[in-house]
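Undergrad: Please see the structure below; I have some questions.
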Amino acid sequence: MKDQLDTWHIHNRINRYLLEAIEESSLTDAPVSKGRNVWEQFAHMHNVRLMWLKAAAPDLFLAQSKIEKDVPVSKAYLEGMLEQSGTAIAQLLERGFTEGKIKNFKPHPAAFLGYLISHESHHRGQIMLTIKQTGHKIDQKIMFGMWEWGSR
């Protein structure tokens, strides 16, 4: 179980590593095609975590706050929310691996971990594409650093 929980924590740190590298002014960058802007992508990741907490561990959900879409937020706010929901998801995963199941998710906790990482990685890709399309840049060091799971 330690390895699975460590995998989640690494993944969550990589989300925050990317967020930290983005200029505050780029948070409102929107994709060329319709869709969520950069901060809304991060907010969506957080809010989907909350959706799962509500369904699978209501006690962990109670301490959380949804990020509302109608009010832009800062990097610092997003960072704090991702840290908070990331910790709660880690607690849910720990319970799931101990009990052998995640309530309202099939087939098993390892698949749930894979689902969460796949979902959020998809949105990291959308964030990167949006920033690139709007003419802003992410340092090459950061782009390669997101793949350095052994040091994150």
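Chain lettering (A, B, ...) mirrors the order of the structure tokens, residue numbering begins at 1 for each chain separately, and ligand numbering begins at 1 in order of display.
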Contacts of Met45 of chain A at 9 Å or less, counting only C-alpha atoms, minus same-chain residues fewer than 6 places along, as an mmCIF file with C-alpha atoms, in the first residue's frame?

TA:
```cif
data_model
loop_
_atom_site.group_PDB
_atom_site.id
_atom_site.type_symbol
_atom_site.label_atom_id
_atom_site.label_comp_id
_atom_site.auth_asym_id
_atom_site.auth_seq_id
_atom_site.Cartn_x
_atom_site.Cartn_y
_atom_site.Cartn_z
ATOM 1 C CA LEU A 82 -5.116 20.861 -4.582
ATOM 2 C CA HIS A 119 -8.030 11.907 -15.563
ATOM 3 C CA GLU A 120 -5.768 14.551 -14.084
ATOM 4 C CA HIS A 123 -6.083 17.852 -17.939
#
```

Undergrad: Residues within 12 Å of Gln140 of chain A, please, as a PDB file with N, CA and C atoms, in the first residue's frame. Count only C-alpha atoms; anything in the same chain fewer than 5 positions from it doesn't count.

TA:
```pdb
ATOM      1  N   LEU A  18       3.582  21.896 -11.856  1.00  0.00           N
ATOM      2  CA  LEU A  18       3.166  22.583 -13.077  1.00  0.00           C
ATOM      3  C   LEU A  18       2.497  23.912 -12.735  1.00  0.00           C
ATOM      4  N   ALA A  21       4.831  26.664 -11.966  1.00  0.00           N
ATOM      5  CA  ALA A  21       5.606  27.157 -13.108  1.00  0.00           C
ATOM      6  C   ALA A  21       4.813  28.093 -14.025  1.00  0.00           C
ATOM      7  N   MET A 128      -1.144  22.355 -20.742  1.00  0.00           N
ATOM      8  CA  MET A 128       0.083  22.607 -21.509  1.00  0.00           C
ATOM      9  C   MET A 128      -0.246  23.074 -22.932  1.00  0.00           C
ATOM     10  N   GLY A 145      10.762  18.010 -16.132  1.00  0.00           N
ATOM     11  CA  GLY A 145      10.646  17.738 -14.700  1.00  0.00           C
ATOM     12  C   GLY A 145       9.352  17.039 -14.316  1.00  0.00           C
ATOM     13  N   MET A 146       8.291  17.256 -15.104  1.00  0.00           N
ATOM     14  CA  MET A 146       7.026  16.580 -14.808  1.00  0.00           C
ATOM     15  C   MET A 146       7.143  15.068 -14.978  1.00  0.00           C
ATOM     16  N   TRP A 147       8.160  14.627 -15.693  1.00  0.00           N
ATOM     17  CA  TRP A 147       8.358  13.185 -15.910  1.00  0.00           C
ATOM     18  C   TRP A 147       9.378  12.584 -14.952  1.00  0.00           C
TER      19      TRP A 147
END
```

Undergrad: I'd like the interatomic distance between atom CA of Arg49 of chain A and atom CA of Lys132 of chain A, to a tenth of an Å.

TA: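 If I compute the distance from atom CA of Arg49 of chain A to atom CA of Lys132 of chain A, I get 26.4 Å.
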
Undergrad: In terms of the shortest atom-to-atom distance over only C-alpha atoms, which of A:Asn47, A:Gly125, A:Asp70, A:Ile131 is closest to Glu24 of chain A?

TA: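 Between A:Asn47, A:Gly125, A:Asp70, A:Ile131, the residue approaching Glu24 of chain A most closely is A:Ile131.
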
Undergrad: Could you tell me how far atom CA of Leu5 of chain A sits from atom CA of Lys106 of chain A, in Å to one decimal place?

TA: 18.5 Å

Undergrad: What lies within 8 Å of segment 97-100 of chain A using only C-alpha atoms, ignoring chain neighbours under 5 positions off, as JSON, numbers by chain?

TA: {"A": [1, 108, 109, 110]}

Undergrad: Kindly indicate which residue among A:Ile10, A:Val48, A:Leu27, A:Leu60 lies nearest to Ser74 of chain A, using only C-alpha atoms for the distances.

TA: A:Leu27

Undergrad: Using only C-alpha atoms, which residues sit within 10 Å of Gln126 of chain A once same-chain residues fewer than 3 positions away are excluded, as a PyMOL selection string?

TA: chain A and resi 31+35-38+41+120-123+129-132

Undergrad: Per DSSP on the backbone, what are the helix (DSSP H, G or I) residues of segment 47-85 of chain A, as a PyMOL selection string?

TA: chain A and resi 47-56+58-61+75-85

Undergrad: Rounded to one decimal place, report the atom CA of His11 of chain A-atom CA of Glu23 of chain A distance in Å.

TA: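 Here the two named atoms are 20.9 Å from each other.
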
Undergrad: Find, counting only C-alpha atoms, the residue in A:Gly135, A:Ile102, A:Ala30, A:Ala90 that gets nearest to Gln4 of chain A.

TA: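 Checking each candidate against Gln4 of chain A, we get A:Ala90 as the closest.
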
Undergrad: So that I can see what lies close to Thr87 of chain A, please list as a PyMOL selection string the residues with an atom at most 12 Å from it, counting only C-alpha atoms and leaving out residues fewer than 2 positions away in the same chain.

TA: chain A and resi 5-6+8-13+46+49-50+53+60-61+63-64+80-85+89-94

Undergrad: Of the candidates A:Trp52, A:Tyr77, A:Trp149, A:Phe144, which shows the shortest atom-to-atom distance to Phe105 of chain A, using only C-alpha atoms?

TA: A:Trp52
